[in-house]
file final-v6.cif (mmCIF, C-alpha atoms and all ligand atoms)
data_structure
#
loop_
_atom_site.label_atom_id
_atom_site.label_comp_id
_atom_site.auth_asym_id
_atom_site.auth_seq_id
_atom_site.Cartn_x
_atom_site.Cartn_y
_atom_site.Cartn_z
CA MET A 15 -3.46 -11.57 30.38
CA THR A 16 -6.30 -13.67 29.01
CA VAL A 17 -6.10 -15.11 25.52
CA LEU A 18 -9.42 -14.61 23.76
CA LEU A 19 -8.51 -16.17 20.45
CA GLN A 20 -5.73 -18.43 19.35
CA ALA A 21 -4.52 -19.64 15.96
CA GLU A 22 -2.64 -22.92 16.00
CA GLY A 23 -0.72 -24.03 12.93
CA LEU A 24 -3.29 -22.27 10.79
CA VAL A 25 -3.12 -23.01 7.04
CA GLN A 26 -5.37 -21.95 4.21
CA GLN A 27 -4.89 -23.41 0.78
CA TYR A 28 -6.96 -22.40 -2.22
CA THR A 29 -7.25 -24.53 -5.31
CA THR A 30 -8.05 -22.71 -8.49
CA ALA A 31 -8.62 -23.84 -12.06
CA ARG A 32 -5.56 -23.10 -14.15
CA SER A 33 -6.88 -23.86 -17.59
CA MET A 34 -10.00 -24.92 -19.45
CA PHE A 35 -8.65 -28.48 -19.44
CA GLY A 36 -9.32 -28.79 -15.75
CA ASP A 37 -5.78 -28.41 -14.45
CA THR A 38 -5.69 -26.97 -11.00
CA SER A 39 -3.10 -25.19 -8.99
CA SER A 40 -3.10 -24.39 -5.35
CA VAL A 41 -1.77 -21.52 -3.34
CA ARG A 42 -1.18 -21.28 0.35
CA ALA A 43 -2.62 -17.94 1.37
CA VAL A 44 -1.88 -18.68 5.03
CA ASP A 45 0.98 -21.04 5.67
CA GLY A 46 1.30 -22.06 9.30
CA ILE A 47 0.35 -19.28 11.68
CA ASP A 48 0.48 -19.48 15.46
CA LEU A 49 -0.94 -16.36 17.00
CA GLN A 50 -2.67 -15.27 20.18
CA VAL A 51 -5.14 -12.44 20.42
CA ARG A 52 -5.28 -11.15 23.98
CA GLU A 53 -8.44 -9.90 25.59
CA GLY A 54 -8.81 -6.12 25.27
CA GLU A 55 -5.93 -5.51 22.90
CA ILE A 56 -5.75 -4.12 19.38
CA LEU A 57 -3.52 -6.43 17.39
CA GLY A 58 -2.29 -5.01 14.09
CA ILE A 59 -1.66 -7.26 11.08
CA VAL A 60 0.57 -5.71 8.44
CA GLY A 61 2.23 -6.92 5.26
CA GLU A 62 2.18 -6.36 1.53
CA SER A 63 -0.78 -7.12 -0.69
CA GLY A 64 -1.29 -10.88 -1.03
CA SER A 65 0.47 -11.75 2.23
CA GLY A 66 -2.69 -13.42 3.56
CA LYS A 67 -3.99 -10.79 5.99
CA SER A 68 -7.64 -10.94 4.94
CA THR A 69 -7.57 -14.72 4.74
CA LEU A 70 -6.22 -14.86 8.30
CA GLY A 71 -8.91 -12.40 9.43
CA ARG A 72 -11.70 -14.49 7.91
CA MET A 73 -10.36 -17.64 9.54
CA LEU A 74 -10.12 -15.96 12.95
CA LEU A 75 -13.84 -15.22 12.65
CA GLY A 76 -14.59 -18.77 11.57
CA LEU A 77 -15.96 -17.51 8.24
CA GLU A 78 -13.68 -19.97 6.48
CA ALA A 79 -12.70 -23.39 7.74
CA PRO A 80 -8.92 -23.81 7.82
CA PHE A 81 -7.19 -26.26 5.48
CA ALA A 82 -5.10 -27.32 8.47
CA GLY A 83 -4.63 -26.18 12.03
CA GLN A 84 -7.33 -24.58 14.09
CA VAL A 85 -8.67 -21.46 15.74
CA ARG A 86 -9.66 -21.54 19.39
CA TRP A 87 -12.16 -19.09 20.83
CA GLN A 88 -11.77 -18.85 24.60
CA GLY A 89 -9.91 -22.13 24.51
CA ARG A 90 -12.56 -24.05 22.58
CA PRO A 91 -12.27 -25.04 18.92
CA MET A 92 -14.07 -22.68 16.54
CA PRO A 93 -17.23 -24.37 15.25
CA ALA A 94 -17.47 -25.07 11.51
CA PRO A 95 -18.73 -22.13 9.42
CA ARG A 96 -22.48 -21.61 9.29
CA THR A 97 -23.38 -24.31 11.80
CA LYS A 98 -25.86 -23.50 14.56
CA GLU A 99 -23.09 -23.27 17.12
CA TRP A 100 -21.10 -20.92 14.91
CA ARG A 101 -24.11 -18.63 14.38
CA ARG A 102 -24.51 -18.32 18.12
CA LEU A 103 -20.89 -17.29 18.44
CA ARG A 104 -21.13 -14.85 15.53
CA ALA A 105 -22.95 -12.28 17.67
CA GLU A 106 -19.72 -11.96 19.64
CA MET A 107 -17.51 -11.47 16.61
CA GLN A 108 -17.91 -8.96 13.81
CA LEU A 109 -16.09 -8.01 10.63
CA ILE A 110 -15.67 -4.46 9.37
CA TYR A 111 -14.11 -4.21 5.97
CA GLN A 112 -12.97 -1.71 3.45
CA ASP A 113 -16.07 -0.99 1.43
CA PRO A 114 -19.00 0.28 3.52
CA LEU A 115 -21.31 0.54 0.51
CA ALA A 116 -20.92 -3.17 -0.19
CA ALA A 117 -21.64 -3.97 3.46
CA LEU A 118 -24.90 -2.00 3.49
CA ASP A 119 -28.24 -2.59 1.81
CA ARG A 120 -28.89 0.38 -0.45
CA ARG A 121 -32.68 -0.03 -0.20
CA LEU A 122 -32.81 0.39 3.56
CA THR A 123 -32.60 3.56 5.61
CA ILE A 124 -29.78 3.95 8.10
CA ALA A 125 -32.13 3.30 11.04
CA ARG A 126 -33.41 0.10 9.40
CA GLN A 127 -29.90 -1.17 8.74
CA ILE A 128 -28.96 -0.75 12.38
CA ALA A 129 -32.31 -2.17 13.60
CA GLU A 130 -31.92 -5.33 11.54
CA PRO A 131 -29.27 -7.09 13.65
CA LEU A 132 -31.18 -6.06 16.80
CA GLU A 133 -34.28 -7.81 15.45
CA ILE A 134 -32.27 -10.87 14.55
CA HIS A 135 -31.02 -10.98 18.11
CA GLY A 136 -34.60 -10.93 19.32
CA LEU A 137 -34.76 -7.47 20.89
CA LEU A 138 -38.36 -6.33 21.45
CA GLN A 139 -39.73 -3.72 19.03
CA ASP A 140 -40.20 -1.16 21.82
CA ASP A 141 -36.57 -1.45 22.79
CA ILE A 142 -35.20 -1.24 19.27
CA HIS A 143 -35.77 2.49 18.64
CA PRO A 144 -33.90 3.75 21.67
CA ARG A 145 -31.08 1.28 21.00
CA VAL A 146 -30.76 2.45 17.36
CA ASP A 147 -30.65 6.06 18.58
CA ALA A 148 -28.00 5.17 21.13
CA LEU A 149 -25.87 3.30 18.59
CA MET A 150 -26.08 6.18 16.13
CA ALA A 151 -24.99 8.63 18.80
CA GLN A 152 -22.19 6.31 19.84
CA VAL A 153 -20.66 6.30 16.36
CA GLY A 154 -21.19 10.02 15.83
CA LEU A 155 -24.18 10.00 13.47
CA ARG A 156 -26.84 12.71 13.82
CA PRO A 157 -30.47 11.75 14.60
CA ASP A 158 -31.65 13.42 11.38
CA GLN A 159 -29.55 10.93 9.38
CA ALA A 160 -31.73 8.02 10.56
CA ASP A 161 -34.06 8.24 7.56
CA ARG A 162 -31.34 8.66 4.95
CA TYR A 163 -30.19 5.97 2.54
CA PRO A 164 -26.55 4.84 2.26
CA HIS A 165 -25.93 6.72 -1.01
CA GLU A 166 -27.00 9.95 0.70
CA LEU A 167 -24.11 9.74 3.16
CA SER A 168 -20.39 10.35 2.83
CA GLY A 169 -17.94 7.44 2.89
CA GLY A 170 -16.96 8.20 6.47
CA GLN A 171 -20.59 8.37 7.58
CA ARG A 172 -21.31 5.07 5.83
CA GLN A 173 -18.45 3.42 7.66
CA ARG A 174 -19.94 4.75 10.91
CA VAL A 175 -23.21 3.01 9.99
CA VAL A 176 -21.31 -0.23 9.38
CA ILE A 177 -19.62 0.15 12.78
CA ALA A 178 -22.98 0.84 14.48
CA ARG A 179 -24.40 -2.31 12.86
CA ALA A 180 -21.42 -4.32 14.00
CA LEU A 181 -21.81 -3.05 17.57
CA ALA A 182 -25.53 -3.82 17.67
CA SER A 183 -24.99 -7.41 18.77
CA ARG A 184 -22.61 -6.27 21.54
CA PRO A 185 -19.60 -8.13 20.17
CA ARG A 186 -16.43 -8.81 22.13
CA PHE A 187 -14.19 -9.18 19.11
CA LEU A 188 -13.89 -7.16 15.91
CA VAL A 189 -11.78 -7.81 12.84
CA CYS A 190 -11.27 -4.52 11.03
CA ASP A 191 -9.90 -5.26 7.56
CA GLU A 192 -8.55 -2.06 6.01
CA PRO A 193 -11.45 -0.18 7.62
CA VAL A 194 -10.36 3.26 6.49
CA SER A 195 -8.40 2.69 3.29
CA ALA A 196 -11.36 3.48 1.03
CA LEU A 197 -12.00 6.74 2.88
CA ASP A 198 -10.79 10.20 2.17
CA VAL A 199 -7.51 10.85 3.97
CA SER A 200 -9.05 13.77 5.85
CA ILE A 201 -11.66 11.56 7.51
CA GLN A 202 -9.54 8.45 8.05
CA ALA A 203 -8.26 9.73 11.40
CA GLN A 204 -11.80 10.42 12.63
CA VAL A 205 -12.91 6.86 11.96
CA VAL A 206 -9.70 5.42 13.45
CA ASN A 207 -10.22 7.53 16.57
CA LEU A 208 -13.81 6.34 16.77
CA LEU A 209 -12.66 2.71 16.66
CA ARG A 210 -10.09 3.37 19.35
CA ASP A 211 -12.59 5.14 21.60
CA LEU A 212 -15.11 2.33 21.18
CA GLN A 213 -12.46 -0.24 21.94
CA GLU A 214 -11.60 1.55 25.18
CA GLN A 215 -15.18 2.21 26.25
CA GLN A 216 -16.42 -1.30 25.59
CA SER A 217 -13.15 -3.15 26.22
CA LEU A 218 -13.41 -4.74 22.80
CA THR A 219 -10.69 -6.95 21.42
CA MET A 220 -9.66 -6.03 17.89
CA VAL A 221 -7.60 -7.33 15.03
CA PHE A 222 -6.73 -4.36 12.85
CA ILE A 223 -5.55 -5.23 9.34
CA SER A 224 -3.93 -2.45 7.38
CA HIS A 225 -1.15 -1.65 4.98
CA ASP A 226 -1.05 1.88 6.38
CA LEU A 227 1.67 1.64 8.98
CA LYS A 228 1.05 5.12 10.32
CA VAL A 229 -2.49 4.13 11.26
CA VAL A 230 -1.27 0.87 12.79
CA ARG A 231 1.33 2.68 14.90
CA ASN A 232 -1.39 5.03 16.05
CA ILE A 233 -3.96 2.50 17.16
CA CYS A 234 -2.37 -0.92 17.81
CA ASP A 235 -0.93 -2.33 21.03
CA ARG A 236 0.84 -5.18 19.30
CA VAL A 237 1.73 -5.93 15.71
CA ALA A 238 2.25 -9.11 13.69
CA VAL A 239 4.10 -8.68 10.40
CA MET A 240 3.13 -11.12 7.66
CA TYR A 241 5.12 -12.23 4.67
CA LEU A 242 3.75 -14.84 2.25
CA GLY A 243 1.28 -16.34 4.64
CA ARG A 244 3.52 -16.42 7.71
CA VAL A 245 4.23 -14.18 10.63
CA VAL A 246 7.87 -13.03 10.42
CA GLU A 247 7.90 -10.72 13.42
CA GLU A 248 5.60 -10.10 16.33
CA ALA A 249 6.13 -7.54 19.07
CA SER A 250 4.63 -4.55 20.82
CA SER A 251 3.79 -1.65 18.57
CA ASP A 252 6.58 0.39 20.19
CA GLU A 253 9.17 -2.29 19.50
CA ILE A 254 8.05 -2.86 15.92
CA PHE A 255 8.17 0.81 15.00
CA SER A 256 11.14 2.03 17.02
CA ASP A 257 13.36 -1.03 16.78
CA PRO A 258 12.29 -3.49 14.09
CA ARG A 259 14.49 -6.59 13.92
CA HIS A 260 13.39 -8.62 10.93
CA PRO A 261 14.85 -7.21 7.70
CA TYR A 262 11.37 -7.18 6.15
CA THR A 263 9.91 -5.23 9.07
CA GLN A 264 12.86 -2.85 8.85
CA ALA A 265 12.10 -2.22 5.19
CA LEU A 266 8.40 -1.66 5.86
CA VAL A 267 9.02 0.68 8.76
CA SER A 268 11.63 2.67 6.86
CA SER A 269 9.09 3.31 4.11
CA ILE A 270 6.81 5.29 6.45
CA PRO A 271 7.11 8.92 5.38
CA LYS A 272 8.38 11.06 8.23
CA ALA A 273 7.21 14.61 8.76
CA GLY A 274 9.65 17.14 7.38
CA GLN A 275 11.82 14.43 5.90
CA GLY A 276 12.00 13.09 2.41
CA LEU A 277 12.58 9.44 1.76
CA GLY A 278 16.09 9.59 3.16
CA GLY A 279 17.07 6.38 4.91
CA ARG A 280 14.36 4.48 3.13
CA ILE A 281 15.18 0.86 2.41
CA ILE A 282 13.92 0.04 -1.04
CA LEU A 283 12.77 -3.56 -1.31
CA SER A 284 14.34 -5.13 -4.33
CA GLY A 285 13.03 -8.07 -6.31
CA GLU A 286 9.57 -9.28 -7.11
CA PRO A 287 6.71 -8.66 -4.72
CA PRO A 288 5.68 -11.89 -3.01
CA ASN A 289 3.61 -14.40 -4.95
CA PRO A 290 2.23 -17.35 -2.98
CA ALA A 291 2.13 -19.44 -6.16
CA GLN A 292 5.94 -19.26 -6.26
CA ARG A 293 7.13 -19.48 -2.72
CA PRO A 294 10.93 -19.24 -2.53
CA SER A 295 12.77 -22.02 -0.71
CA GLY A 296 14.17 -21.52 2.78
CA CYS A 297 13.26 -18.12 4.14
CA ALA A 298 10.59 -16.83 1.72
CA PHE A 299 11.97 -13.30 2.04
CA HIS A 300 15.54 -14.22 1.12
CA PRO A 301 15.43 -13.15 -2.57
CA ARG A 302 14.65 -9.60 -1.44
CA CYS A 303 16.71 -9.50 1.74
CA ARG A 304 19.81 -7.38 1.88
CA PHE A 305 21.32 -9.63 4.53
CA ALA A 306 20.61 -12.95 2.80
CA ARG A 307 23.34 -15.60 2.84
CA PRO A 308 23.39 -19.06 1.23
CA ALA A 309 21.87 -20.69 4.33
CA CYS A 310 18.78 -18.49 3.98
CA ALA A 311 17.88 -20.22 0.70
CA THR A 312 17.72 -23.62 2.36
CA ILE A 313 16.78 -23.18 6.02
CA GLU A 314 13.29 -22.07 6.97
CA PRO A 315 13.53 -19.89 10.05
CA ALA A 316 10.85 -20.53 12.67
CA LEU A 317 9.15 -17.73 14.57
CA LEU A 318 11.11 -17.90 17.82
CA PRO A 319 12.03 -15.58 20.62
CA ARG A 320 15.08 -13.84 19.22
CA ASP A 321 16.73 -10.75 20.49
CA GLY A 322 13.91 -10.10 22.95
CA ARG A 323 10.94 -10.68 20.65
CA LEU A 324 9.38 -13.13 18.22
CA ALA A 325 11.12 -13.05 14.86
CA ALA A 326 11.77 -15.52 12.07
CA CYS A 327 15.26 -14.70 10.82
CA LEU A 328 18.46 -16.73 11.04
CA ARG A 329 20.61 -13.64 11.15
CA LEU A 330 19.22 -12.74 14.56
CA ASP A 331 20.65 -15.94 16.03
CA GLU A 332 24.19 -14.78 15.43
CA PRO A 333 26.15 -12.40 17.56
CA GLN A 334 25.63 -9.00 15.96
CA THR A 335 28.65 -7.23 14.63
CA SER A 336 28.03 -3.97 12.85
CA ALA A 337 24.24 -4.01 12.43
CA ALA A 338 22.64 -2.60 9.26
N1 LIG A 401 -10.94 -17.36 -2.39
C1 LIG A 401 -9.71 -17.41 -2.91
N2 LIG A 401 -9.39 -18.26 -3.91
C2 LIG A 401 -8.16 -18.34 -4.42
N3 LIG A 401 -7.12 -17.59 -4.00
C3 LIG A 401 -7.35 -16.72 -3.00
C4 LIG A 401 -8.65 -16.58 -2.41
N4 LIG A 401 -8.57 -15.63 -1.44
C5 LIG A 401 -7.29 -15.20 -1.44
N5 LIG A 401 -6.56 -15.85 -2.37
C6 LIG A 401 -5.12 -15.68 -2.62
O1 LIG A 401 -4.46 -15.80 -1.38
C7 LIG A 401 -3.43 -14.84 -1.23
C8 LIG A 401 -3.66 -13.99 0.01
O2 LIG A 401 -4.82 -13.21 -0.17
P1 LIG A 401 -5.36 -12.19 0.93
O3 LIG A 401 -6.57 -11.57 0.36
O4 LIG A 401 -5.50 -12.89 2.22
O5 LIG A 401 -4.16 -11.15 1.01
P2 LIG A 401 -4.09 -9.73 1.76
O6 LIG A 401 -2.86 -9.72 2.57
O7 LIG A 401 -5.37 -9.46 2.45
O8 LIG A 401 -3.89 -8.72 0.53
P3 LIG A 401 -4.41 -7.21 0.34
O9 LIG A 401 -3.47 -6.34 1.13
O10 LIG A 401 -4.29 -6.98 -1.12
O11 LIG A 401 -5.82 -7.14 0.83
C9 LIG A 401 -3.44 -14.05 -2.52
O12 LIG A 401 -2.45 -14.56 -3.36
C10 LIG A 401 -4.81 -14.29 -3.10
O13 LIG A 401 -4.78 -14.23 -4.50
MG MG A 402 -6.86 -8.00 2.22
#

call {"tool": "encode", "arguments": {"input": "final-v6.cif", "output": "structure tokens", "more": "lines below"}}
Ligand SMILES: Nc1ncnc2c1ncn2[C@@H]1O[C@H](COP(=O)(O)OP(=O)(O)OP(=O)(O)O)[C@@H](O)[C@H]1O
Ligand SMILES: [Mg+2]
result
Amino acid sequence: MTVLLQAEGLVQQYTTARSMFGDTSSVRAVDGIDLQVREGEILGIVGESGSGKSTLGRMLLGLEAPFAGQVRWQGRPMPAPRTKEWRRLRAEMQLIYQDPLAALDRRLTIARQIAEPLEIHGLLQDDIHPRVDALMAQVGLRPDQADRYPHELSGGQRQRVVIARALASRPRFLVCDEPVSALDVSIQAQVVNLLRDLQEQQSLTMVFISHDLKVVRNICDRVAVMYLGRVVEEASSDEIFSDPRHPYTQALVSSIPKAGQGLGGRIILSGEPPNPAQRPSGCAFHPRCRFARPACATIEPALLPRDGRLAACLRLDEPQTSAA
């Protein structure tokens, strides 16, 4: 198992103006993450809105410099954003995000959009046409769509164009940030399957960010669960979905609608959704945790091997009596 990418003590802190008098406040969007991305895997990142998933994704690509900690790419520190060294590395790493229309230039035809990164990477004009054709075929676009403009395509087709563009530079690593959540439910599965096929064919490494746990279960090999800027549980996809251990993961997994079943057995999360501006003391999840005890308000659990996997919960250190 080779580690392609590694986050070490990664922190991102944003300072924002609070009032017209120049007061500032800061939030920690990512608050100390240690994570390894293994070559050839699809690593899922899940968690509620505001848990820091996109921030983590941008830092893994070196698009944002961390406030503290570092990202290593193949063992070497990630170069600072937008430096020459970083630009060279960028061909190997691509971001696919939610809104394909925002990622595309509405004035350019589909063929031009896909040709652009090939030109930037110095491919000869004669070689560009066949490569554009091949990329379009690879993502399931028809040749007659080459001369269309983005607004003339469906959302799913647009996302295929974005994927073709991302693949043009022959990347090794993709961050897909909610890549299908803006798409019609009926075509989400097609785009997810396309990503999975491409990953297999080209042995890509992927970080797949999504709040749709069904999609994550479908596509990911491993999953990291985030809560308020930290990873609270990390395990294989099978373990996370069939036997979640952290109370937060249990709540998330129980909220996945099951075929032919209502919401029976669903754990409803009580309390306020997480707000990084008001991080609770101790375990950040304790105000919403059904197992919380006084110690949870004071002791911060580290992400440690517990009960056969990585989890950050004090309860898992104790001998289990009647679970749940
Ligand atoms: N550029 C920024 N400046 C200030 N605060 C930011 C910035 N980017 C993100 N944040 C804050 O950091 C926290 C984490 O944001 P992030 O976008 O990473 O969450 P997320 O898990 O991707 O959420 P979602 O599921 O809604 O996409 C949020 O509270 C957000 O408001
Ligand atoms: Mg996000």

call {"tool": "residues_near_ligand", "arguments": {"input": "final-v6.cif", "ligand": "ligand LIG 401 (chain A)", "cutoff": "6 Å", "atoms": "all atoms listed in the file", "output": "list in words"}}
result
Tyr28, Thr30, Ala43, Glu62, Ser63, Gly64, Ser65, Gly66, Lys67, Ser68, Thr69 and Pro290 of chain A

call {"tool": "residues_around", "arguments": {"input": "final-v6.cif", "residues": "range 132-146 of chain A", "least_positions_apart": "6", "cutoff": "9 Å", "atoms": "all atoms listed in the file", "output": "list in words"}}
result
Ala105, Ala125, Arg126, Ala160, Ala178, Arg179, Ala182 and Ser183 of chain A

call {"tool": "closest_residue", "arguments": {"input": "final-v6.cif", "among": "A:Leu167, A:Met73, A:Ile223, A:Ala148", "to": "ligand MG 402 (chain A)", "atoms": "all atoms listed in the file"}}
result
A:Ile223

call {"tool": "closest_residue", "arguments": {"input": "final-v6.cif", "among": "A:Gln159, A:Thr219, A:Gln112, A:Thr123", "to": "ligand MG 402 (chain A)", "atoms": "all atoms listed in the file"}}
result
A:Gln112

call {"tool": "closest_residue", "arguments": {"input": "final-v6.cif", "among": "A:Leu155, A:Leu74, A:Val267, A:Cys327", "to": "Pro315 in chain A", "atoms": "all atoms listed in the file"}}
result
A:Cys327

call {"tool": "atom_distance", "arguments": {"input": "final-v6.cif", "atom1": "CA of Val85 in chain A", "atom2": "CA of Gln20 in chain A"}}
result
5.6 Å

call {"tool": "closest_residue", "arguments": {"input": "final-v6.cif", "among": "A:Ser195, A:Gln202, A:Ser269, A:Ser33", "to": "ligand MG 402 (chain A)", "atoms": "all atoms listed in the file"}}
result
A:Ser195

call {"tool": "atom_distance", "arguments": {"input": "final-v6.cif", "atom1": "CA of Met150 in chain A", "atom2": "CA of Arg174 in chain A"}}
result
8.2 Å

call {"tool": "atom_distance", "arguments": {"input": "final-v6.cif", "atom1": "CA of Ala326 in chain A", "atom2": "CA of Asp48 in chain A"}}
result
12.4 Å

call {"tool": "closest_residue", "arguments": {"input": "final-v6.cif", "among": "A:Glu78, A:Asp321, A:Glu166, A:Glu253", "to": "Thr97 in chain A", "atoms": "only C-alpha atoms"}}
result
A:Glu78

call {"tool": "residues_around", "arguments": {"input": "final-v6.cif", "residues": "Val245 in chain A", "least_positions_apart": "5", "cutoff": "12 Å", "atoms": "all atoms listed in the file", "output": "ChimeraX atom specification"}}
result
/A:21,23-24,44-50,58-61,65-67,70,237-240,260,262-263,297-299,315-318,324-327

call {"tool": "closest_residue", "arguments": {"input": "final-v6.cif", "among": "A:Ser168, A:Asn207, A:Ser40, A:Ser224", "to": "ligand MG 402 (chain A)", "atoms": "only C-alpha atoms and all ligand atoms"}}
result
A:Ser224

call {"tool": "residues_near_point", "arguments": {"input": "final-v6.cif", "point": "(-11.7, -8.6, 12.0)", "cutoff": "12 Å", "atoms": "all atoms listed in the file", "output": "ChimeraX atom specification"}}
result
/A:19,51,56-59,67-77,104,106-112,177,180,185-193,218-224

call {"tool": "residues_around", "arguments": {"input": "final-v6.cif", "residues": "Arg259 in chain A", "least_positions_apart": "5", "cutoff": "8 Å", "atoms": "all atoms listed in the file", "output": "list of chain:residue names"}}
result
A:Glu247, A:Ile254, A:Gln264, A:Ala325, A:Leu330

call {"tool": "residues_around", "arguments": {"input": "final-v6.cif", "residues": "Ala306 in chain A", "least_positions_apart": "2", "cutoff": "10 Å", "atoms": "only C-alpha atoms", "output": "list of chain:residue names"}}
result
A:Pro261, A:Cys297, A:Phe299, A:His300, A:Pro301, A:Arg302, A:Cys303, A:Arg304, A:Pro308, A:Ala309, A:Cys310, A:Ala311, A:Cys327, A:Leu328, A:Arg329

call {"tool": "residues_around", "arguments": {"input": "final-v6.cif", "residues": "Arg231 in chain A", "least_positions_apart": "5", "cutoff": "8 Å", "atoms": "all atoms listed in the file", "output": "PDB file with C-alpha atoms, keeping the file's coordinate frame"}}
result
ATOM      1  CA  SER A 251       3.790  -1.650  18.570  1.00  0.00           C
ATOM      2  CA  ASP A 252       6.580   0.390  20.190  1.00  0.00           C
ATOM      3  CA  PHE A 255       8.170   0.810  15.000  1.00  0.00           C
TER       4      PHE A 255
END

call {"tool": "decode", "arguments": {"input": "final-v6.cif", "residues": "range 138-150 of chain A", "atoms": "N, CA, C and O atoms", "output": "PDB file, in the first residue's frame"}}
result
ATOM      1  N   LEU A 138       0.895  19.039 -29.304  1.00  0.00           N
ATOM      2  CA  LEU A 138       0.920  19.616 -30.653  1.00  0.00           C
ATOM      3  C   LEU A 138      -0.486  19.673 -31.240  1.00  0.00           C
ATOM      4  O   LEU A 138      -1.309  18.789 -30.985  1.00  0.00           O
ATOM      5  N   GLN A 139      -0.741  20.695 -32.043  1.00  0.00           N
ATOM      6  CA  GLN A 139      -2.077  20.904 -32.628  1.00  0.00           C
ATOM      7  C   GLN A 139      -2.611  19.629 -33.306  1.00  0.00           C
ATOM      8  O   GLN A 139      -3.769  19.280 -33.133  1.00  0.00           O
ATOM      9  N   ASP A 140      -1.743  18.960 -34.073  1.00  0.00           N
ATOM     10  CA  ASP A 140      -2.190  17.768 -34.804  1.00  0.00           C
ATOM     11  C   ASP A 140      -2.657  16.649 -33.874  1.00  0.00           C
ATOM     12  O   ASP A 140      -3.462  15.806 -34.255  1.00  0.00           O
ATOM     13  N   ASP A 141      -2.110  16.664 -32.674  1.00  0.00           N
ATOM     14  CA  ASP A 141      -2.451  15.584 -31.745  1.00  0.00           C
ATOM     15  C   ASP A 141      -3.670  15.929 -30.892  1.00  0.00           C
ATOM     16  O   ASP A 141      -4.228  15.065 -30.215  1.00  0.00           O
ATOM     17  N   ILE A 142      -4.045  17.206 -30.913  1.00  0.00           N
ATOM     18  CA  ILE A 142      -5.110  17.638 -30.012  1.00  0.00           C
ATOM     19  C   ILE A 142      -6.471  17.079 -30.422  1.00  0.00           C
ATOM     20  O   ILE A 142      -7.205  16.549 -29.590  1.00  0.00           O
ATOM     21  N   HIS A 143      -6.787  17.150 -31.736  1.00  0.00           N
ATOM     22  CA  HIS A 143      -8.107  16.682 -32.184  1.00  0.00           C
ATOM     23  C   HIS A 143      -8.405  15.247 -31.790  1.00  0.00           C
ATOM     24  O   HIS A 143      -9.428  14.975 -31.164  1.00  0.00           O
ATOM     25  N   PRO A 144      -7.497  14.322 -32.159  1.00  0.00           N
ATOM     26  CA  PRO A 144      -7.781  12.932 -31.770  1.00  0.00           C
ATOM     27  C   PRO A 144      -7.888  12.741 -30.260  1.00  0.00           C
ATOM     28  O   PRO A 144      -8.704  11.945 -29.792  1.00  0.00           O
ATOM     29  N   ARG A 145      -7.110  13.507 -29.501  1.00  0.00           N
ATOM     30  CA  ARG A 145      -7.156  13.369 -28.040  1.00  0.00           C
ATOM     31  C   ARG A 145      -8.495  13.898 -27.494  1.00  0.00           C
ATOM     32  O   ARG A 145      -9.066  13.315 -26.582  1.00  0.00           O
ATOM     33  N   VAL A 146      -8.990  15.010 -28.061  1.00  0.00           N
ATOM     34  CA  VAL A 146     -10.298  15.529 -27.646  1.00  0.00           C
ATOM     35  C   VAL A 146     -11.378  14.496 -27.954  1.00  0.00           C
ATOM     36  O   VAL A 146     -12.232  14.204 -27.114  1.00  0.00           O
ATOM     37  N   ASP A 147     -11.309  13.913 -29.156  1.00  0.00           N
ATOM     38  CA  ASP A 147     -12.295  12.893 -29.531  1.00  0.00           C
ATOM     39  C   ASP A 147     -12.251  11.725 -28.547  1.00  0.00           C
ATOM     40  O   ASP A 147     -13.285  11.224 -28.107  1.00  0.00           O
ATOM     41  N   ALA A 148     -11.042  11.315 -28.210  1.00  0.00           N
ATOM     42  CA  ALA A 148     -10.886  10.168 -27.315  1.00  0.00           C
ATOM     43  C   ALA A 148     -11.428  10.492 -25.924  1.00  0.00           C
ATOM     44  O   ALA A 148     -12.118   9.670 -25.307  1.00  0.00           O
ATOM     45  N   LEU A 149     -11.140  11.698 -25.449  1.00  0.00           N
ATOM     46  CA  LEU A 149     -11.623  12.082 -24.111  1.00  0.00           C
ATOM     47  C   LEU A 149     -13.150  12.160 -24.093  1.00  0.00           C
ATOM     48  O   LEU A 149     -13.792  11.727 -23.138  1.00  0.00           O
ATOM     49  N   MET A 150     -13.721  12.701 -25.176  1.00  0.00           N
ATOM     50  CA  MET A 150     -15.187  12.779 -25.223  1.00  0.00           C
ATOM     51  C   MET A 150     -15.802  11.384 -25.190  1.00  0.00           C
ATOM     52  O   MET A 150     -16.783  11.139 -24.487  1.00  0.00           O
TER      53      MET A 150
END
